[in-house]
file data33.cif (mmCIF, C-alpha atoms and all ligand atoms)
data_query
#
loop_
_atom_site.label_atom_id
_atom_site.label_comp_id
_atom_site.auth_asym_id
_atom_site.auth_seq_id
_atom_site.Cartn_x
_atom_site.Cartn_y
_atom_site.Cartn_z
CA MET A 1 -241.00 -219.26 110.71
CA GLY A 2 -241.12 -218.82 106.92
CA LEU A 3 -239.34 -221.20 104.54
CA ILE A 4 -238.25 -220.83 100.90
CA ILE A 5 -237.77 -224.09 99.03
CA PHE A 6 -234.90 -223.96 96.51
CA GLY A 7 -235.53 -226.24 93.53
CA ALA A 8 -238.74 -226.77 91.58
CA SER A 9 -238.49 -230.36 90.35
CA GLY A 10 -240.61 -233.37 91.28
CA PHE A 11 -238.45 -233.88 94.38
CA ALA A 12 -239.10 -230.28 95.45
CA ARG A 13 -242.84 -230.95 95.13
CA GLU A 14 -242.43 -234.07 97.27
CA CYS A 15 -240.44 -232.11 99.84
CA LEU A 16 -243.23 -229.53 100.05
CA THR A 17 -245.49 -232.27 101.38
CA TRP A 18 -242.90 -233.41 103.95
CA VAL A 19 -242.29 -229.82 105.08
CA LEU A 20 -246.03 -229.24 105.52
CA GLN A 21 -246.37 -232.54 107.44
CA SER A 22 -243.48 -231.60 109.75
CA LYS A 23 -245.49 -228.52 110.82
CA GLN A 24 -242.19 -226.71 111.47
CA TYR A 25 -242.42 -224.03 108.80
CA ASN A 26 -244.75 -221.78 106.89
CA VAL A 27 -243.78 -222.22 103.20
CA LYS A 28 -243.52 -218.87 101.39
CA GLY A 29 -242.63 -220.10 97.91
CA PHE A 30 -240.03 -221.72 95.66
CA TYR A 31 -236.84 -220.47 94.05
CA SER A 32 -235.50 -221.77 90.72
CA ASP A 33 -232.89 -220.23 88.40
CA ASP A 34 -235.14 -221.27 85.49
CA ALA A 35 -238.43 -219.91 86.85
CA LYS A 36 -240.52 -217.88 84.42
CA ARG A 37 -242.94 -215.13 85.39
CA GLY A 38 -246.15 -216.64 86.75
CA ASP A 39 -244.71 -220.13 87.43
CA LYS A 40 -246.47 -221.91 90.28
CA ILE A 41 -246.19 -225.13 92.24
CA PHE A 42 -249.69 -225.77 93.52
CA ASP A 43 -250.61 -222.38 95.03
CA TYR A 44 -247.01 -221.26 95.62
CA ASN A 45 -245.08 -218.84 93.41
CA VAL A 46 -241.81 -220.02 91.84
CA VAL A 47 -239.42 -217.09 91.43
CA ASN A 48 -235.93 -216.55 90.03
CA ALA A 49 -235.24 -213.53 92.23
CA LEU A 50 -236.32 -213.25 95.83
CA PRO A 51 -238.63 -210.43 96.88
CA LYS A 52 -236.86 -208.34 99.56
CA HIS A 53 -239.31 -209.29 102.28
CA TRP A 54 -238.39 -213.00 101.84
CA ASN A 55 -234.84 -212.40 103.13
CA ALA A 56 -235.83 -212.96 106.75
CA HIS A 57 -236.90 -216.53 106.03
CA GLN A 58 -234.96 -219.79 106.12
CA PHE A 59 -234.28 -222.13 103.19
CA LEU A 60 -234.36 -225.80 102.25
CA VAL A 61 -232.65 -226.98 99.06
CA ALA A 62 -234.86 -229.75 97.68
CA VAL A 63 -232.69 -231.12 94.89
CA GLY A 64 -231.35 -234.69 94.61
CA ASP A 65 -228.00 -233.95 92.97
CA PRO A 66 -225.42 -233.13 95.69
CA ALA A 67 -223.43 -230.65 93.57
CA VAL A 68 -226.53 -228.74 92.46
CA ARG A 69 -227.74 -228.77 96.06
CA LYS A 70 -224.48 -227.12 97.19
CA TYR A 71 -224.67 -224.57 94.35
CA LEU A 72 -228.17 -223.51 95.45
CA TRP A 73 -227.18 -223.65 99.12
CA ASP A 74 -224.34 -221.17 98.50
CA LYS A 75 -226.68 -218.97 96.49
CA ALA A 76 -229.20 -218.89 99.36
CA LEU A 77 -226.46 -218.06 101.88
CA ALA A 78 -225.21 -215.26 99.62
CA ILE A 79 -228.71 -213.75 99.58
CA GLY A 80 -228.58 -213.74 103.39
CA LEU A 81 -230.96 -216.64 104.11
CA LYS A 82 -230.22 -219.20 106.81
CA PRO A 83 -230.58 -222.98 106.36
CA CYS A 84 -233.64 -224.48 108.03
CA GLN A 85 -233.62 -226.87 110.94
CA PRO A 86 -233.62 -230.52 109.78
CA ILE A 87 -236.98 -231.44 108.21
CA ILE A 88 -237.75 -234.83 109.67
CA ASN A 89 -240.88 -236.67 108.63
CA PRO A 90 -242.83 -237.74 111.72
CA SER A 91 -242.76 -241.37 110.49
CA THR A 92 -238.97 -241.54 110.99
CA VAL A 93 -237.84 -243.96 113.70
CA PHE A 94 -234.74 -242.91 115.66
CA GLY A 95 -232.52 -244.80 118.07
CA ILE A 96 -230.52 -243.10 120.82
CA ASN A 97 -227.93 -240.44 119.99
CA VAL A 98 -228.68 -239.39 116.44
CA SER A 99 -227.61 -235.94 115.31
CA CYS A 100 -228.64 -234.17 112.16
CA GLY A 101 -227.27 -230.95 110.61
CA PRO A 102 -229.23 -227.96 109.32
CA GLY A 103 -230.92 -228.08 105.93
CA THR A 104 -231.16 -231.87 105.97
CA ILE A 105 -234.39 -233.61 104.97
CA ILE A 106 -235.48 -237.07 106.03
CA CYS A 107 -238.42 -238.31 103.94
CA PRO A 108 -241.07 -240.78 105.19
CA GLY A 109 -240.39 -244.36 106.19
CA THR A 110 -236.78 -244.26 107.35
CA VAL A 111 -235.27 -246.02 110.37
CA ILE A 112 -232.04 -244.61 111.83
CA THR A 113 -230.64 -246.62 114.72
CA THR A 114 -228.09 -245.56 117.36
CA ASN A 115 -225.05 -243.26 117.35
CA VAL A 116 -225.61 -241.89 113.87
CA LYS A 117 -224.19 -238.56 112.76
CA ILE A 118 -225.85 -236.90 109.77
CA GLY A 119 -224.33 -233.73 108.31
CA ALA A 120 -225.82 -230.56 106.84
CA GLY A 121 -227.74 -230.40 103.57
CA VAL A 122 -228.17 -234.18 103.42
CA VAL A 123 -231.11 -235.87 101.66
CA ILE A 124 -232.36 -239.19 103.02
CA ASN A 125 -235.13 -240.22 100.67
CA LEU A 126 -238.03 -242.66 101.26
CA ASN A 127 -237.77 -245.94 103.20
CA CYS A 128 -234.07 -246.15 104.08
CA THR A 129 -232.35 -247.89 106.98
CA ILE A 130 -229.19 -246.46 108.52
CA GLY A 131 -227.44 -248.77 110.98
CA HIS A 132 -225.58 -248.02 114.20
CA ASP A 133 -222.47 -245.83 114.31
CA CYS A 134 -222.77 -244.52 110.75
CA GLU A 135 -221.69 -241.09 109.59
CA ILE A 136 -223.24 -239.33 106.61
CA GLY A 137 -221.27 -236.33 105.34
CA ASN A 138 -222.58 -232.93 104.31
CA PHE A 139 -224.62 -232.82 101.06
CA ALA A 140 -224.70 -236.60 100.62
CA THR A 141 -227.81 -238.08 98.97
CA ILE A 142 -229.29 -241.37 100.10
CA SER A 143 -231.91 -242.39 97.51
CA PRO A 144 -235.09 -244.38 98.25
CA GLY A 145 -234.79 -247.85 99.74
CA VAL A 146 -231.08 -247.76 100.60
CA ASN A 147 -229.86 -250.01 103.40
CA VAL A 148 -226.67 -248.86 105.13
CA SER A 149 -225.22 -251.41 107.57
CA GLY A 150 -223.54 -250.40 110.81
CA ASN A 151 -220.26 -248.48 111.10
CA CYS A 152 -220.31 -247.11 107.54
CA LYS A 153 -218.98 -243.70 106.62
CA ILE A 154 -220.52 -241.92 103.65
CA GLY A 155 -218.47 -238.93 102.50
CA GLU A 156 -219.55 -235.44 101.55
CA PHE A 157 -221.38 -235.16 98.20
CA ALA A 158 -221.62 -238.94 97.85
CA TYR A 159 -224.70 -240.18 95.96
CA ILE A 160 -226.15 -243.57 96.88
CA GLY A 161 -228.65 -244.79 94.25
CA THR A 162 -232.06 -246.33 94.86
CA GLY A 163 -232.11 -249.73 96.53
CA ALA A 164 -228.34 -249.97 97.13
CA THR A 165 -227.12 -252.09 100.05
CA LEU A 166 -223.91 -251.36 101.94
CA ARG A 167 -222.02 -253.98 103.94
CA GLU A 168 -220.94 -252.94 107.44
CA LYS A 169 -217.75 -250.93 108.15
CA LEU A 170 -217.42 -249.46 104.66
CA VAL A 171 -216.18 -246.05 103.62
CA ILE A 172 -217.93 -244.50 100.62
CA GLU A 173 -215.61 -241.62 99.93
CA SER A 174 -216.66 -238.10 99.05
CA GLU A 175 -218.14 -237.29 95.63
CA SER A 176 -218.51 -240.95 94.73
CA THR A 177 -221.65 -242.57 93.28
CA VAL A 178 -223.15 -245.95 94.06
CA GLY A 179 -225.59 -247.05 91.32
CA MET A 180 -229.16 -248.25 91.78
CA GLY A 181 -229.37 -251.73 93.22
CA ALA A 182 -225.64 -252.07 93.95
CA VAL A 183 -224.48 -254.43 96.67
CA VAL A 184 -221.36 -252.76 98.01
CA ILE A 185 -218.86 -254.96 99.81
CA LYS A 186 -215.67 -252.87 99.46
CA ASN A 187 -214.76 -249.25 100.12
CA VAL A 188 -215.60 -246.92 97.23
CA PRO A 189 -212.78 -244.44 96.44
CA LYS A 190 -213.33 -240.71 96.05
CA GLY A 191 -215.21 -239.63 92.95
CA GLU A 192 -215.70 -243.14 91.51
CA VAL A 193 -218.97 -244.66 90.22
CA TRP A 194 -219.61 -248.24 91.37
CA VAL A 195 -222.45 -250.49 90.20
CA GLY A 196 -223.62 -254.10 90.34
CA ASN A 197 -223.59 -257.06 92.71
CA PRO A 198 -220.94 -257.21 93.99
CA ALA A 199 -220.35 -253.55 93.18
CA ARG A 200 -217.34 -252.69 91.02
CA PRO A 201 -216.20 -249.52 89.23
CA MET A 202 -218.58 -248.78 86.34
CA GLN A 203 -217.16 -249.51 82.89
CA LYS A 204 -218.47 -247.29 80.11
CA SER A 205 -218.41 -248.60 76.53
CA LEU A 206 -216.54 -246.17 74.26
CA PRO A 207 -218.85 -244.73 71.60
CA GLY A 208 -218.37 -246.45 68.26
CA THR A 209 -216.64 -249.53 69.64
CA GLU A 210 -219.78 -251.68 70.02
CA ASN A 211 -219.05 -253.74 66.89
CA LEU A 212 -215.32 -254.28 67.43
CA ASN A 213 -214.09 -257.74 68.47
C1 LIG B 1 -224.76 -245.47 88.05
C2 LIG B 1 -225.40 -244.36 87.26
C3 LIG B 1 -225.13 -243.00 87.96
C4 LIG B 1 -224.75 -244.36 85.88
O1 LIG B 1 -225.38 -243.42 85.09
P1 LIG B 1 -224.74 -243.08 83.62
O2 LIG B 1 -223.36 -242.50 83.81
O3 LIG B 1 -225.75 -242.26 82.90
O4 LIG B 1 -224.51 -244.51 83.00
P2 LIG B 1 -225.22 -245.22 81.74
O5 LIG B 1 -226.70 -245.30 81.91
O6 LIG B 1 -224.65 -244.57 80.51
O7 LIG B 1 -224.65 -246.71 81.86
C5 LIG B 1 -223.28 -247.00 81.70
C6 LIG B 1 -223.12 -248.50 81.83
O8 LIG B 1 -223.31 -248.90 83.20
C7 LIG B 1 -224.44 -249.79 83.33
N1 LIG B 1 -225.19 -249.36 84.49
C8 LIG B 1 -225.70 -248.12 84.75
N2 LIG B 1 -226.29 -248.09 85.93
C9 LIG B 1 -226.17 -249.32 86.46
C10 LIG B 1 -226.59 -249.88 87.67
N3 LIG B 1 -227.24 -249.15 88.59
N4 LIG B 1 -226.29 -251.19 87.91
C11 LIG B 1 -225.63 -251.91 86.97
N5 LIG B 1 -225.19 -251.43 85.80
C12 LIG B 1 -225.46 -250.13 85.55
C13 LIG B 1 -225.23 -249.61 82.04
O9 LIG B 1 -225.94 -250.79 81.73
C14 LIG B 1 -224.15 -249.29 81.04
O10 LIG B 1 -223.50 -250.49 80.66
P3 LIG B 1 -223.02 -250.71 79.11
O11 LIG B 1 -222.07 -249.58 78.83
O12 LIG B 1 -222.40 -252.05 79.16
O13 LIG B 1 -224.28 -250.61 78.31
C15 LIG B 1 -226.96 -244.53 87.14
O14 LIG B 1 -227.30 -245.59 86.26
C16 LIG B 1 -227.62 -244.78 88.47
O15 LIG B 1 -227.68 -245.90 89.00
N6 LIG B 1 -228.12 -243.67 89.03
C17 LIG B 1 -228.85 -243.66 90.28
C18 LIG B 1 -230.29 -243.23 90.00
C19 LIG B 1 -231.11 -243.17 91.26
O16 LIG B 1 -230.92 -243.91 92.18
N7 LIG B 1 -232.02 -242.23 91.28
C20 LIG B 1 -232.82 -241.97 92.46
C21 LIG B 1 -233.85 -240.92 92.16
S1 LIG B 1 -234.80 -240.58 93.56
#
call {"tool": "encode", "arguments": {"input": "data33.cif", "output": "structure tokens"}}
result
Amino acid sequence: MGLIIFGASGFARECLTWVLQSKQYNVKGFYSDDAKRGDKIFDYNVVNALPKHWNAHQFLVAVGDPAVRKYLWDKALAIGLKPCQPIINPSTVFGINVSCGPGTIICPGTVITTNVKIGAGVVINLNCTIGHDCEIGNFATISPGVNVSGNCKIGEFAYIGTGATLREKLVIESESTVGMGAVVIKNVPKGEVWVGNPARPMQKSLPGTENLN
């Protein structure tokens, strides 16, 4: 079956390797809104409009940002493409009863234990651990080296930054962000950005106030 990869960034190039290693699909090329005539990734064309004969293929959106991933996902559906089966690197270790939605990619080095439900369009990047009884919502991103303890629920469009650690039984609500290296010990409310150890809502300095007492 043919596959079109949506996205043309470094992550898309990484995903090309994982797709080829999975041996599930024959990659036809890449799609990017910003592609210019003649753009290539290795030997593959990058296009900003799909040739008609590509419409019978499936798609993977290989973009780290959950909102951009959904934007490209909807675009691919509108063209008439179908999301691919989950792309699961052969190095992934699974326990019993793990389910995974379409268009999800699991990069090398991850361990997913038992009773784990992973939605559609999810990215699980390199070297993560996902404990028992976790749920990961549609279009969530789990960056490299994240450790999710058991019984956690990660909402749709949540973004968990590199190296974050989640205590057991937490809810990371939809559209929220956990910064790189955060140690999360409380639930993260919808749409908030939490950083640090222990993780707290991110405070942004107001521009121009650096020198005020
Ligand atoms: C949390 C995050 C989204 C914030 O990004 P941002 O909105 O651009 O924030 P800024 O860089 O302007 O930083 C705002 C403040 O938060 C602090 N901060 C940012 N990220 C932090 C983190 N991960 N841990 C602790 N503090 C952090 C900054 O030091 C800054 O503090 P200051 O205002 O006192 O100087 C980002 O830093 C992050 O962690 N992204 C995840 C990246 C990642 O994992 N990528 C994976 C690629 S595969």
call {"tool": "residues_near_point", "arguments": {"input": "data33.cif", "point": "(-238.7, -226.2, 97.7)", "cutoff": "10 Å", "atoms": "all atoms listed in the file", "output": "PDB file with C-alpha atoms, in the frame of the given file"}}
result
ATOM      1  CA  LEU A   3    -239.340-221.200 104.540  1.00  0.00           C
ATOM      2  CA  ILE A   4    -238.250-220.830 100.900  1.00  0.00           C
ATOM      3  CA  ILE A   5    -237.770-224.090  99.030  1.00  0.00           C
ATOM      4  CA  PHE A   6    -234.900-223.960  96.510  1.00  0.00           C
ATOM      5  CA  GLY A   7    -235.530-226.240  93.530  1.00  0.00           C
ATOM      6  CA  ALA A   8    -238.740-226.770  91.580  1.00  0.00           C
ATOM      7  CA  SER A   9    -238.490-230.360  90.350  1.00  0.00           C
ATOM      8  CA  GLY A  10    -240.610-233.370  91.280  1.00  0.00           C
ATOM      9  CA  PHE A  11    -238.450-233.880  94.380  1.00  0.00           C
ATOM     10  CA  ALA A  12    -239.100-230.280  95.450  1.00  0.00           C
ATOM     11  CA  ARG A  13    -242.840-230.950  95.130  1.00  0.00           C
ATOM     12  CA  GLU A  14    -242.430-234.070  97.270  1.00  0.00           C
ATOM     13  CA  CYS A  15    -240.440-232.110  99.840  1.00  0.00           C
ATOM     14  CA  LEU A  16    -243.230-229.530 100.050  1.00  0.00           C
ATOM     15  CA  THR A  17    -245.490-232.270 101.380  1.00  0.00           C
ATOM     16  CA  VAL A  19    -242.290-229.820 105.080  1.00  0.00           C
ATOM     17  CA  VAL A  27    -243.780-222.220 103.200  1.00  0.00           C
ATOM     18  CA  LYS A  28    -243.520-218.870 101.390  1.00  0.00           C
ATOM     19  CA  GLY A  29    -242.630-220.100  97.910  1.00  0.00           C
ATOM     20  CA  PHE A  30    -240.030-221.720  95.660  1.00  0.00           C
ATOM     21  CA  TYR A  31    -236.840-220.470  94.050  1.00  0.00           C
ATOM     22  CA  SER A  32    -235.500-221.770  90.720  1.00  0.00           C
ATOM     23  CA  ILE A  41    -246.190-225.130  92.240  1.00  0.00           C
ATOM     24  CA  TYR A  44    -247.010-221.260  95.620  1.00  0.00           C
ATOM     25  CA  VAL A  46    -241.810-220.020  91.840  1.00  0.00           C
ATOM     26  CA  PHE A  59    -234.280-222.130 103.190  1.00  0.00           C
ATOM     27  CA  LEU A  60    -234.360-225.800 102.250  1.00  0.00           C
ATOM     28  CA  VAL A  61    -232.650-226.980  99.060  1.00  0.00           C
ATOM     29  CA  ALA A  62    -234.860-229.750  97.680  1.00  0.00           C
ATOM     30  CA  VAL A  63    -232.690-231.120  94.890  1.00  0.00           C
TER      31      VAL A  63
END
call {"tool": "atom_distance", "arguments": {"input": "data33.cif", "atom1": "CA of Asn48 in chain A", "atom2": "CA of Asp33 in chain A"}}
result
5.0 Å
call {"tool": "residues_around", "arguments": {"input": "data33.cif", "residues": "Ala76 in chain A", "least_positions_apart": "2", "cutoff": "10 Å", "atoms": "only C-alpha atoms", "output": "list in words"}}
result
Ile4, Phe6, Tyr31, Leu50, Asn55, Gln58, Phe59, Leu60, Val61, Lys70, Tyr71, Leu72, Trp73, Asp74, Ala78, Ile79, Gly80, Leu81, Lys82 and Pro83 of chain A
call {"tool": "residues_near_ligand", "arguments": {"input": "data33.cif", "ligand": "ligand LIG 1 (chain B)", "cutoff": "9 Å", "atoms": "all atoms listed in the file", "output": "VMD selection string"}}
result
chain A and resid 11 64 125 to 126 142 to 144 159 to 164 177 to 182 193 to 197 199 202 to 206
call {"tool": "residues_around", "arguments": {"input": "data33.cif", "residues": "Glu175 in chain A", "least_positions_apart": "4", "cutoff": "9 Å", "atoms": "all atoms listed in the file", "output": "list in words"}}
result
Pro66, Ala67, Ala140, Gly155, Glu156, Phe157, Ala158, Tyr159, Pro189, Lys190, Gly191 and Glu192 of chain A
call {"tool": "write_last_selection", "arguments": {"input": "data33.cif", "atoms": "C-alpha atoms", "output": "PDB file, in the frame of the given file"}}
result
ATOM      1  CA  PRO A  66    -225.420-233.130  95.690  1.00  0.00           C
ATOM      2  CA  ALA A  67    -223.430-230.650  93.570  1.00  0.00           C
ATOM      3  CA  ALA A 140    -224.700-236.600 100.620  1.00  0.00           C
ATOM      4  CA  GLY A 155    -218.470-238.930 102.500  1.00  0.00           C
ATOM      5  CA  GLU A 156    -219.550-235.440 101.550  1.00  0.00           C
ATOM      6  CA  PHE A 157    -221.380-235.160  98.200  1.00  0.00           C
ATOM      7  CA  ALA A 158    -221.620-238.940  97.850  1.00  0.00           C
ATOM      8  CA  TYR A 159    -224.700-240.180  95.960  1.00  0.00           C
ATOM      9  CA  PRO A 189    -212.780-244.440  96.440  1.00  0.00           C
ATOM     10  CA  LYS A 190    -213.330-240.710  96.050  1.00  0.00           C
ATOM     11  CA  GLY A 191    -215.210-239.630  92.950  1.00  0.00           C
ATOM     12  CA  GLU A 192    -215.700-243.140  91.510  1.00  0.00           C
TER      13      GLU A 192
END
call {"tool": "closest_residue", "arguments": {"input": "data33.cif", "among": "A:Ala49, A:Leu170, A:Cys152, A:Val146", "to": "Lys117 in chain A", "atoms": "only C-alpha atoms"}}
result
A:Cys152
call {"tool": "closest_residue", "arguments": {"input": "data33.cif", "among": "A:Pro198, A:Gly38, A:Pro90, A:Gly137", "to": "Val122 in chain A", "atoms": "only C-alpha atoms"}}
result
A:Gly137
call {"tool": "closest_residue", "arguments": {"input": "data33.cif", "among": "A:Cys134, A:Val123, A:Cys84, A:Val188", "to": "Met1 in chain A", "atoms": "all atoms listed in the file"}}
result
A:Cys84
call {"tool": "closest_residue", "arguments": {"input": "data33.cif", "among": "A:Thr141, A:Ile185, A:Ile154, A:Phe94", "to": "Leu166 in chain A", "atoms": "only C-alpha atoms"}}
result
A:Ile185
call {"tool": "residues_around", "arguments": {"input": "data33.cif", "residues": "Ile112 in chain A", "least_positions_apart": "6", "cutoff": "7 Å", "atoms": "all atoms listed in the file", "output": "VMD selection string"}}
result
chain A and resid 93 to 95 129 to 131
call {"tool": "atom_distance", "arguments": {"input": "data33.cif", "atom1": "CA of Gly2 in chain A", "atom2": "CA of Trp54 in chain A"}}
result
8.2 Å
call {"tool": "atom_distance", "arguments": {"input": "data33.cif", "atom1": "CA of Asp133 in chain A", "atom2": "CA of Thr114 in chain A"}}
result
6.4 Å
call {"tool": "closest_residue", "arguments": {"input": "data33.cif", "among": "A:Val47, A:Ile172, A:Ile88, A:Val116", "to": "Thr104 in chain A", "atoms": "only C-alpha atoms"}}
result
A:Ile88
